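Next comes run-v2.pdb, a file with PDB, C-alpha atoms, pLDDT in the B column.
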ATOM      1  CA  MET A  27      -4.064  14.221 -11.609  1.00 62.00           C
ATOM      2  CA  LYS A  28      -4.084  11.045  -9.523  1.00 83.00           C
ATOM      3  CA  LYS A  29      -2.719  11.173  -5.993  1.00 94.00           C
ATOM      4  CA  ASN A  30       0.728   9.666  -5.954  1.00 96.00           C
ATOM      5  CA  LEU A  31       2.709   8.581  -2.896  1.00 97.00           C
ATOM      6  CA  LEU A  32       5.867   9.871  -4.607  1.00 97.00           C
ATOM      7  CA  ASN A  33       4.398  13.357  -4.074  1.00 97.00           C
ATOM      8  CA  LYS A  34       5.321  14.948  -0.733  1.00 97.00           C
ATOM      9  CA  GLN A  35       1.827  16.349  -0.055  1.00 97.00           C
ATOM     10  CA  ALA A  36       0.138  13.023  -0.820  1.00 97.00           C
ATOM     11  CA  ALA A  37       2.560  11.196   1.484  1.00 98.00           C
ATOM     12  CA  ALA A  38       1.951  13.798   4.220  1.00 98.00           C
ATOM     13  CA  SER A  39      -1.812  13.295   3.909  1.00 98.00           C
ATOM     14  CA  ILE A  40      -1.408   9.536   4.438  1.00 98.00           C
ATOM     15  CA  ILE A  41       0.846  10.133   7.452  1.00 98.00           C
ATOM     16  CA  SER A  42      -1.591  12.592   9.045  1.00 98.00           C
ATOM     17  CA  ARG A  43      -4.361  10.013   8.696  1.00 98.00           C
ATOM     18  CA  VAL A  44      -2.374   7.084  10.128  1.00 98.00           C
ATOM     19  CA  GLU A  45      -1.291   9.205  13.095  1.00 98.00           C
ATOM     20  CA  LYS A  46      -4.950   9.073  14.224  1.00 98.00           C
ATOM     21  CA  LEU A  47      -5.027   5.252  14.182  1.00 98.00           C
ATOM     22  CA  THR A  48      -5.289   3.576  17.591  1.00 97.00           C
ATOM     23  CA  VAL A  49      -4.450   0.019  18.579  1.00 97.00           C
ATOM     24  CA  ASN A  50      -8.084  -0.877  19.367  1.00 96.00           C
ATOM     25  CA  GLN A  51      -9.646   0.824  16.354  1.00 97.00           C
ATOM     26  CA  LYS A  52     -12.129  -1.507  14.665  1.00 96.00           C
ATOM     27  CA  ALA A  53     -12.135  -2.165  10.942  1.00 96.00           C
ATOM     28  CA  LEU A  54     -15.247  -1.372   8.917  1.00 96.00           C
ATOM     29  CA  TRP A  55     -14.543  -4.437   6.731  1.00 95.00           C
ATOM     30  CA  GLY A  56     -12.039  -7.245   6.414  1.00 93.00           C
ATOM     31  CA  ASN A  57     -10.488  -9.407   9.086  1.00 92.00           C
ATOM     32  CA  MET A  58      -7.264  -7.586  10.015  1.00 95.00           C
ATOM     33  CA  ASN A  59      -6.929  -5.586  13.204  1.00 97.00           C
ATOM     34  CA  ALA A  60      -5.043  -2.269  13.242  1.00 98.00           C
ATOM     35  CA  VAL A  61      -1.584  -3.703  13.925  1.00 98.00           C
ATOM     36  CA  GLU A  62      -2.019  -6.445  11.312  1.00 97.00           C
ATOM     37  CA  MET A  63      -3.057  -3.821   8.767  1.00 97.00           C
ATOM     38  CA  LEU A  64       0.037  -1.739   9.526  1.00 98.00           C
ATOM     39  CA  ALA A  65       2.292  -4.798   9.243  1.00 98.00           C
ATOM     40  CA  HIS A  66       0.616  -5.720   5.930  1.00 97.00           C
ATOM     41  CA  CYS A  67       1.162  -2.225   4.512  1.00 98.00           C
ATOM     42  CA  ASN A  68       4.756  -2.192   5.765  1.00 98.00           C
ATOM     43  CA  SER A  69       5.469  -5.522   4.100  1.00 97.00           C
ATOM     44  CA  CYS A  70       4.056  -4.285   0.789  1.00 96.00           C
ATOM     45  CA  ASN A  71       5.824  -0.913   0.914  1.00 97.00           C
ATOM     46  CA  LYS A  72       9.195  -2.466   1.796  1.00 96.00           C
ATOM     47  CA  GLN A  73       8.865  -4.755  -1.193  1.00 94.00           C
ATOM     48  CA  ILE A  74       7.984  -1.858  -3.514  1.00 95.00           C
ATOM     49  CA  LEU A  75      10.871   0.299  -2.317  1.00 95.00           C
ATOM     50  CA  GLU A  76      13.538  -2.339  -1.862  1.00 90.00           C
ATOM     51  CA  GLU A  77      12.996  -5.149  -4.350  1.00 81.00           C
ATOM     52  CA  GLY A  78      13.341  -5.337  -8.058  1.00 75.00           C
ATOM     53  CA  ARG A  79      12.127  -8.200 -10.161  1.00 72.00           C
ATOM     54  CA  GLY A  80      12.877  -9.225 -13.650  1.00 65.00           C
ATOM     55  CA  LYS A  81      10.577  -7.746 -16.236  1.00 67.00           C
ATOM     56  CA  ASP A  82       7.919 -10.419 -16.576  1.00 75.00           C
ATOM     57  CA  LYS A  83       5.693 -10.108 -19.599  1.00 83.00           C
ATOM     58  CA  THR A  84       2.533  -8.100 -18.897  1.00 89.00           C
ATOM     59  CA  THR A  85      -0.651  -9.707 -20.149  1.00 91.00           C
ATOM     60  CA  VAL A  86      -3.495  -7.829 -21.832  1.00 94.00           C
ATOM     61  CA  LYS A  87      -5.666  -8.649 -18.820  1.00 93.00           C
ATOM     62  CA  GLN A  88      -3.086  -7.091 -16.460  1.00 91.00           C
ATOM     63  CA  TYR A  89      -2.825  -4.008 -18.662  1.00 90.00           C
ATOM     64  CA  LEU A  90      -6.604  -3.515 -18.700  1.00 93.00           C
ATOM     65  CA  LEU A  91      -6.879  -4.140 -14.955  1.00 88.00           C
ATOM     66  CA  ARG A  92      -4.109  -1.590 -14.385  1.00 91.00           C
ATOM     67  CA  ILE A  93      -5.958   1.103 -16.356  1.00 92.00           C
ATOM     68  CA  LEU A  94      -9.210   0.359 -14.535  1.00 88.00           C
ATOM     69  CA  ALA A  95      -7.698   0.168 -11.033  1.00 91.00           C
ATOM     70  CA  LEU A  96      -5.236   3.061 -11.253  1.00 91.00           C
ATOM     71  CA  TYR A  97      -7.071   5.558 -13.450  1.00 89.00           C
ATOM     72  CA  ILE A  98     -10.807   4.823 -13.477  1.00 87.00           C
ATOM     73  CA  ALA A  99     -11.950   3.157 -10.225  1.00 85.00           C
ATOM     74  CA  PRO A 100     -12.137   5.577  -7.274  1.00 84.00           C
ATOM     75  CA  GLY A 101     -10.566   3.043  -4.900  1.00 82.00           C
ATOM     76  CA  PHE A 102      -9.517  -0.549  -4.543  1.00 86.00           C
ATOM     77  CA  LYS A 103     -12.251  -3.155  -4.156  1.00 77.00           C
ATOM     78  CA  LYS A 104     -12.866  -4.515  -0.658  1.00 84.00           C
ATOM     79  CA  GLY A 105     -11.920  -8.111   0.050  1.00 78.00           C
ATOM     80  CA  LEU A 106      -9.237  -8.608  -2.601  1.00 78.00           C
ATOM     81  CA  ALA A 107      -6.759 -11.355  -1.772  1.00 77.00           C
ATOM     82  CA  SER A 108      -3.192 -10.451  -0.959  1.00 83.00           C
ATOM     83  CA  GLU A 109      -0.046 -12.273  -1.954  1.00 83.00           C
ATOM     84  CA  PRO A 110       0.702 -14.891   0.747  1.00 81.00           C
ATOM     85  CA  VAL A 111       3.933 -13.128   1.739  1.00 84.00           C
ATOM     86  CA  HIS A 112       1.894 -10.058   2.799  1.00 89.00           C
ATOM     87  CA  ILE A 113      -0.767 -11.861   4.844  1.00 89.00           C
ATOM     88  CA  THR A 114      -0.321 -10.791   8.458  1.00 92.00           C
ATOM     89  CA  LYS A 115      -3.527 -12.088  10.072  1.00 92.00           C
ATOM     90  CA  GLY A 116      -2.580 -13.741  13.372  1.00 93.00           C
ATOM     91  CA  LYS A 117       1.126 -13.047  12.871  1.00 95.00           C
ATOM     92  CA  VAL A 118       1.518  -9.724  14.703  1.00 95.00           C
ATOM     93  CA  ASP A 119       0.814  -9.050  18.358  1.00 94.00           C
ATOM     94  CA  ALA A 120      -0.948  -5.875  19.540  1.00 95.00           C
ATOM     95  CA  SER A 121       2.182  -5.010  21.544  1.00 97.00           C
ATOM     96  CA  GLN A 122       3.853  -4.286  18.171  1.00 97.00           C
ATOM     97  CA  PHE A 123       1.405  -1.472  17.335  1.00 98.00           C
ATOM     98  CA  ASP A 124       3.689   1.502  18.080  1.00 98.00           C
ATOM     99  CA  LEU A 125       6.630  -0.130  16.314  1.00 98.00           C
ATOM    100  CA  GLN A 126       4.527  -0.952  13.226  1.00 98.00           C
ATOM    101  CA  LYS A 127       3.040   2.556  13.156  1.00 98.00           C
ATOM    102  CA  LYS A 128       6.494   4.175  13.301  1.00 98.00           C
ATOM    103  CA  GLU A 129       7.694   1.865  10.522  1.00 98.00           C
ATOM    104  CA  PHE A 130       4.611   2.731   8.434  1.00 98.00           C
ATOM    105  CA  ILE A 131       5.409   6.446   8.734  1.00 98.00           C
ATOM    106  CA  ARG A 132       9.119   5.874   8.001  1.00 98.00           C
ATOM    107  CA  LEU A 133       8.307   3.965   4.823  1.00 98.00           C
ATOM    108  CA  ILE A 134       5.726   6.497   3.621  1.00 98.00           C
ATOM    109  CA  GLU A 135       8.303   9.267   4.146  1.00 98.00           C
ATOM    110  CA  LYS A 136      10.712   7.361   1.861  1.00 97.00           C
ATOM    111  CA  PHE A 137       8.398   7.437  -1.174  1.00 98.00           C
ATOM    112  CA  PRO A 138       8.787  11.161  -2.070  1.00 97.00           C
ATOM    113  CA  LEU A 139      12.534  10.902  -1.451  1.00 97.00           C
ATOM    114  CA  ASN A 140      12.906   7.968  -3.838  1.00 94.00           C
ATOM    115  CA  THR A 141      15.250   8.657  -6.743  1.00 93.00           C
ATOM    116  CA  LYS A 142      15.528   5.191  -8.263  1.00 92.00           C
ATOM    117  CA  GLU A 143      13.251   3.434 -10.690  1.00 93.00           C
ATOM    118  CA  LEU A 144      10.766   1.130  -8.965  1.00 93.00           C
ATOM    119  CA  THR A 145      10.965  -2.061 -10.998  1.00 89.00           C
ATOM    120  CA  LEU A 146       8.955  -4.560  -8.984  1.00 91.00           C
ATOM    121  CA  THR A 147       6.416  -6.385 -11.132  1.00 90.00           C
ATOM    122  CA  HIS A 148       2.947  -5.863  -9.665  1.00 91.00           C
ATOM    123  CA  PRO A 149       1.152  -9.201  -9.167  1.00 88.00           C
ATOM    124  CA  ALA A 150      -2.126  -7.923 -10.682  1.00 90.00           C
ATOM    125  CA  PHE A 151      -0.987  -5.077 -12.975  1.00 92.00           C
ATOM    126  CA  GLY A 152       2.224  -6.508 -14.431  1.00 91.00           C
ATOM    127  CA  ASN A 153       5.150  -4.213 -15.226  1.00 91.00           C
ATOM    128  CA  ILE A 154       4.275  -0.717 -14.116  1.00 92.00           C
ATOM    129  CA  SER A 155       6.256   2.507 -14.112  1.00 93.00           C
ATOM    130  CA  THR A 156       7.638   4.232 -11.032  1.00 95.00           C
ATOM    131  CA  ARG A 157       4.847   6.824 -11.348  1.00 96.00           C
ATOM    132  CA  GLN A 158       2.248   4.059 -11.498  1.00 96.00           C
ATOM    133  CA  TRP A 159       3.793   2.466  -8.397  1.00 96.00           C
ATOM    134  CA  GLY A 160       3.286   5.791  -6.614  1.00 97.00           C
ATOM    135  CA  ILE A 161      -0.391   5.831  -7.609  1.00 97.00           C
ATOM    136  CA  ALA A 162      -0.901   2.166  -6.677  1.00 96.00           C
ATOM    137  CA  ALA A 163       0.835   2.626  -3.308  1.00 97.00           C
ATOM    138  CA  PHE A 164      -1.290   5.703  -2.523  1.00 97.00           C
ATOM    139  CA  LYS A 165      -4.500   3.870  -3.422  1.00 97.00           C
ATOM    140  CA  HIS A 166      -3.439   0.866  -1.334  1.00 96.00           C
ATOM    141  CA  MET A 167      -2.689   2.995   1.748  1.00 97.00           C
ATOM    142  CA  ASP A 168      -5.903   4.978   1.238  1.00 97.00           C
ATOM    143  CA  HIS A 169      -7.848   1.701   0.986  1.00 96.00           C
ATOM    144  CA  HIS A 170      -6.551   0.431   4.331  1.00 97.00           C
ATOM    145  CA  LEU A 171      -6.941   3.761   6.107  1.00 98.00           C
ATOM    146  CA  ARG A 172     -10.553   3.947   4.913  1.00 96.00           C
ATOM    147  CA  GLN A 173     -10.913   0.386   6.220  1.00 96.00           C
ATOM    148  CA  PHE A 174     -10.300   1.892   9.662  1.00 97.00           C
ATOM    149  CA  ALA A 175     -12.493   4.976   9.055  1.00 96.00           C
ATOM    150  CA  LEU A 176      -9.509   7.293   8.550  1.00 96.00           C
TER
END
Show me this structure written as C-alpha cells.
Amino acid sequence: MKKNLLNKQAAASIISRVEKLTVNQKALWGNMNAVEMLAHCNSCNKQILEEGRGKDKTTVKQYLLRILALYIAPGFKKGLASEPVHITKGKVDASQFDLQKKEFIRLIEKFPLNTKELTLTHPAFGNISTRQWGIAAFKHMDHHLRQFAL
C-alpha cells in the first residue's frame, strides 16, 4: 500500500523528518533554501486542504501520468516546474524559518484529520480522488525532505 498523508503514521513520519530541518541546511538539488522549501510546501498543502476547483476534464495523458507518478515511480522527478503561485524562490526571508516550519507541521497534522472530499484538480494529474491526494501530498513532502537529506 502506498504511503498516504491522510494516514496518521505517514503524517507523523513526515513531521519527525521535518523537525530535523535547520535553517542553514543545504539542498542536495534544486535552487530553494530550507525556508523557501517550507513555504512552497505550505502553499501547496493549503491549496489542497482549503480549495476546491470545478471538475475539469482529465486528459488521457494526465491519467497515465497519474498512474505512473502515484503508483509506479518510487518518487517525484527532480527539477519539475511548479505552478507559479507556489514558487517561493527569493520571496521568503530566513527569519521566517521557525514560522514556516510550525505552519508545515500544522498543515501536515490536518491531513489525517480531514473528513471532507479533496476536490482540487491537480495540474499534472487532473481530477484525483481524496485518497490519491493523500498519496500525492506524501510523495511531494517526501521529495522535498529528501532534497534536504531528510
Shortest interatomic distance to Gly152 (chain A) - which of A:Ser108, A:Thr85, A:Gln51, A:Gln126, counting all atoms listed in the file: A:Thr85
Selection: 12 Å around Gly105 (chain A), all atoms listed in the file, excl. self and same-chain fewer than 5 positions, as number ranges by chain: A: 54-58, 169-170, 173
Pick from A:Glu62, A:Glu135, A:Glu129, A:Asp124, whichever lies nearest to Phe174 (chain A) using all atoms listed in the file: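 Looking at the shortest contact to Phe174 (chain A), the residue is A:Glu62.
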Output of the PyMOL selection byres ((chain A and resi 151) around 12), listed as an NGL selection string: :A and (82-96 or 146-150 or 152-155 or 158-159 or 162)
Å distance separating CA of Gln122 (chain A) from CA of Ala65 (chain A), one decimal place: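 Computed distance, CA of Gln122 (chain A) to CA of Ala65 (chain A), equals 9.1 Å.
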Atom pair CA of Ile131 (chain A) / CA of His66 (chain A): separation (Å):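 According to the coordinates, CA of Ile131 (chain A) and CA of His66 (chain A) are separated by 13.4 Å.
Selection by the PyMOL selection byres ((chain A and resi 28) around 9) on the present file picks out Met27, Lys29, Asn30, Leu96, Tyr97 and Ile161 of chain A.
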Atom-to-atom span, CA of Ala175 (chain A) and CA of Lys103 (chain A), Å: 15.5 Å
Which of A:His166, A:Thr141, A:Ala53, A:Arg157 sits closest to Leu106 (chain A) [using all atoms listed in the file]: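 Comparing A:His166, A:Thr141, A:Ala53, A:Arg157 against Leu106 (chain A), the winner is A:His166.
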Please write as a PDB file with C-alpha atoms, keeping the file's coordinate frame the full residue list that the PyMOL selection byres ((chain A and resi 132) around 12) yields on this file.
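Saved as result-v8.pdb:
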ATOM      1  CA  ALA A  37       2.560  11.196   1.484  1.00 98.00           C
ATOM      2  CA  ALA A  38       1.951  13.798   4.220  1.00 98.00           C
ATOM      3  CA  ILE A  40      -1.408   9.536   4.438  1.00 98.00           C
ATOM      4  CA  ILE A  41       0.846  10.133   7.452  1.00 98.00           C
ATOM      5  CA  VAL A  44      -2.374   7.084  10.128  1.00 98.00           C
ATOM      6  CA  LEU A  64       0.037  -1.739   9.526  1.00 98.00           C
ATOM      7  CA  CYS A  67       1.162  -2.225   4.512  1.00 98.00           C
ATOM      8  CA  ASN A  68       4.756  -2.192   5.765  1.00 98.00           C
ATOM      9  CA  ASN A  71       5.824  -0.913   0.914  1.00 97.00           C
ATOM     10  CA  LYS A  72       9.195  -2.466   1.796  1.00 96.00           C
ATOM     11  CA  LEU A  75      10.871   0.299  -2.317  1.00 95.00           C
ATOM     12  CA  LEU A 125       6.630  -0.130  16.314  1.00 98.00           C
ATOM     13  CA  GLN A 126       4.527  -0.952  13.226  1.00 98.00           C
ATOM     14  CA  LYS A 127       3.040   2.556  13.156  1.00 98.00           C
ATOM     15  CA  LYS A 128       6.494   4.175  13.301  1.00 98.00           C
ATOM     16  CA  GLU A 129       7.694   1.865  10.522  1.00 98.00           C
ATOM     17  CA  PHE A 130       4.611   2.731   8.434  1.00 98.00           C
ATOM     18  CA  ILE A 131       5.409   6.446   8.734  1.00 98.00           C
ATOM     19  CA  LEU A 133       8.307   3.965   4.823  1.00 98.00           C
ATOM     20  CA  ILE A 134       5.726   6.497   3.621  1.00 98.00           C
ATOM     21  CA  GLU A 135       8.303   9.267   4.146  1.00 98.00           C
ATOM     22  CA  LYS A 136      10.712   7.361   1.861  1.00 97.00           C
ATOM     23  CA  PHE A 137       8.398   7.437  -1.174  1.00 98.00           C
ATOM     24  CA  PRO A 138       8.787  11.161  -2.070  1.00 97.00           C
ATOM     25  CA  LEU A 139      12.534  10.902  -1.451  1.00 97.00           C
TER      26      LEU A 139
END
Using all atoms listed in the file: which of A:Asp119, A:Ser69, A:Pro110, A:Leu176 has the shortest distance to Glu45 (chain A):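 Looking only at the distances to Glu45 (chain A), the closest residue turns out to be A:Leu176.
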Of the listed residues A:Leu31, A:Lys142, A:Val118, A:Glu109, that which approaches Cys70 (chain A) most closely, counting all atoms listed in the file: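 Ranking A:Leu31, A:Lys142, A:Val118, A:Glu109 by distance to Cys70 (chain A), first place goes to A:Glu109.
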As a PDB file, in the coordinates of the input, please: region 116-138 of chain A completed to N, CA and C atoms.
ATOM      1  N   GLY A 116      -3.045 -12.820  12.343  1.00 93.00           N
ATOM      2  CA  GLY A 116      -2.580 -13.741  13.372  1.00 93.00           C
ATOM      3  C   GLY A 116      -1.078 -13.824  13.532  1.00 93.00           C
ATOM      4  N   LYS A 117      -0.341 -12.975  12.832  1.00 95.00           N
ATOM      5  CA  LYS A 117       1.126 -13.047  12.871  1.00 95.00           C
ATOM      6  C   LYS A 117       1.779 -11.890  13.610  1.00 95.00           C
ATOM      7  N   VAL A 118       0.963 -10.909  14.044  1.00 95.00           N
ATOM      8  CA  VAL A 118       1.518  -9.724  14.703  1.00 95.00           C
ATOM      9  C   VAL A 118       0.732  -9.471  15.981  1.00 95.00           C
ATOM     10  N   ASP A 119       1.440  -9.293  17.062  1.00 94.00           N
ATOM     11  CA  ASP A 119       0.814  -9.050  18.358  1.00 94.00           C
ATOM     12  C   ASP A 119       0.504  -7.561  18.538  1.00 94.00           C
ATOM     13  N   ALA A 120      -0.544  -7.267  19.283  1.00 95.00           N
ATOM     14  CA  ALA A 120      -0.948  -5.875  19.540  1.00 95.00           C
ATOM     15  C   ALA A 120       0.168  -5.059  20.186  1.00 95.00           C
ATOM     16  N   SER A 121       1.065  -5.724  20.905  1.00 97.00           N
ATOM     17  CA  SER A 121       2.182  -5.010  21.544  1.00 97.00           C
ATOM     18  C   SER A 121       3.123  -4.387  20.510  1.00 97.00           C
ATOM     19  N   GLN A 122       3.011  -4.798  19.254  1.00 97.00           N
ATOM     20  CA  GLN A 122       3.853  -4.286  18.171  1.00 97.00           C
ATOM     21  C   GLN A 122       3.264  -3.030  17.512  1.00 97.00           C
ATOM     22  N   PHE A 123       2.115  -2.563  18.001  1.00 98.00           N
ATOM     23  CA  PHE A 123       1.405  -1.472  17.335  1.00 98.00           C
ATOM     24  C   PHE A 123       2.288  -0.236  17.136  1.00 98.00           C
ATOM     25  N   ASP A 124       2.889   0.270  18.207  1.00 98.00           N
ATOM     26  CA  ASP A 124       3.689   1.502  18.080  1.00 98.00           C
ATOM     27  C   ASP A 124       4.864   1.313  17.132  1.00 98.00           C
ATOM     28  N   LEU A 125       5.502   0.169  17.202  1.00 98.00           N
ATOM     29  CA  LEU A 125       6.630  -0.130  16.314  1.00 98.00           C
ATOM     30  C   LEU A 125       6.168  -0.181  14.855  1.00 98.00           C
ATOM     31  N   GLN A 126       5.053  -0.854  14.590  1.00 98.00           N
ATOM     32  CA  GLN A 126       4.527  -0.952  13.226  1.00 98.00           C
ATOM     33  C   GLN A 126       4.078   0.414  12.704  1.00 98.00           C
ATOM     34  N   LYS A 127       3.496   1.219  13.573  1.00 98.00           N
ATOM     35  CA  LYS A 127       3.040   2.556  13.156  1.00 98.00           C
ATOM     36  C   LYS A 127       4.233   3.443  12.803  1.00 98.00           C
ATOM     37  N   LYS A 128       5.282   3.395  13.598  1.00 98.00           N
ATOM     38  CA  LYS A 128       6.494   4.175  13.301  1.00 98.00           C
ATOM     39  C   LYS A 128       7.119   3.724  11.987  1.00 98.00           C
ATOM     40  N   GLU A 129       7.141   2.403  11.764  1.00 98.00           N
ATOM     41  CA  GLU A 129       7.694   1.865  10.522  1.00 98.00           C
ATOM     42  C   GLU A 129       6.842   2.287   9.327  1.00 98.00           C
ATOM     43  N   PHE A 130       5.522   2.287   9.486  1.00 98.00           N
ATOM     44  CA  PHE A 130       4.611   2.731   8.434  1.00 98.00           C
ATOM     45  C   PHE A 130       4.963   4.166   8.032  1.00 98.00           C
ATOM     46  N   ILE A 131       5.096   5.037   9.003  1.00 98.00           N
ATOM     47  CA  ILE A 131       5.409   6.446   8.734  1.00 98.00           C
ATOM     48  C   ILE A 131       6.780   6.574   8.073  1.00 98.00           C
ATOM     49  N   ARG A 132       7.766   5.829   8.571  1.00 98.00           N
ATOM     50  CA  ARG A 132       9.119   5.874   8.001  1.00 98.00           C
ATOM     51  C   ARG A 132       9.096   5.473   6.522  1.00 98.00           C
ATOM     52  N   LEU A 133       8.369   4.429   6.211  1.00 98.00           N
ATOM     53  CA  LEU A 133       8.307   3.965   4.823  1.00 98.00           C
ATOM     54  C   LEU A 133       7.562   4.951   3.930  1.00 98.00           C
ATOM     55  N   ILE A 134       6.479   5.515   4.418  1.00 98.00           N
ATOM     56  CA  ILE A 134       5.726   6.497   3.621  1.00 98.00           C
ATOM     57  C   ILE A 134       6.608   7.719   3.348  1.00 98.00           C
ATOM     58  N   GLU A 135       7.398   8.125   4.329  1.00 98.00           N
ATOM     59  CA  GLU A 135       8.303   9.267   4.146  1.00 98.00           C
ATOM     60  C   GLU A 135       9.364   8.992   3.091  1.00 98.00           C
ATOM     61  N   LYS A 136       9.697   7.721   2.854  1.00 97.00           N
ATOM     62  CA  LYS A 136      10.712   7.361   1.861  1.00 97.00           C
ATOM     63  C   LYS A 136      10.218   7.524   0.425  1.00 97.00           C
ATOM     64  N   PHE A 137       8.915   7.391   0.200  1.00 98.00           N
ATOM     65  CA  PHE A 137       8.398   7.437  -1.174  1.00 98.00           C
ATOM     66  C   PHE A 137       8.757   8.741  -1.892  1.00 98.00           C
ATOM     67  N   PRO A 138       8.462   9.931  -1.317  1.00 97.00           N
ATOM     68  CA  PRO A 138       8.787  11.161  -2.070  1.00 97.00           C
ATOM     69  C   PRO A 138      10.290  11.403  -2.213  1.00 97.00           C
TER      70      PRO A 138
END
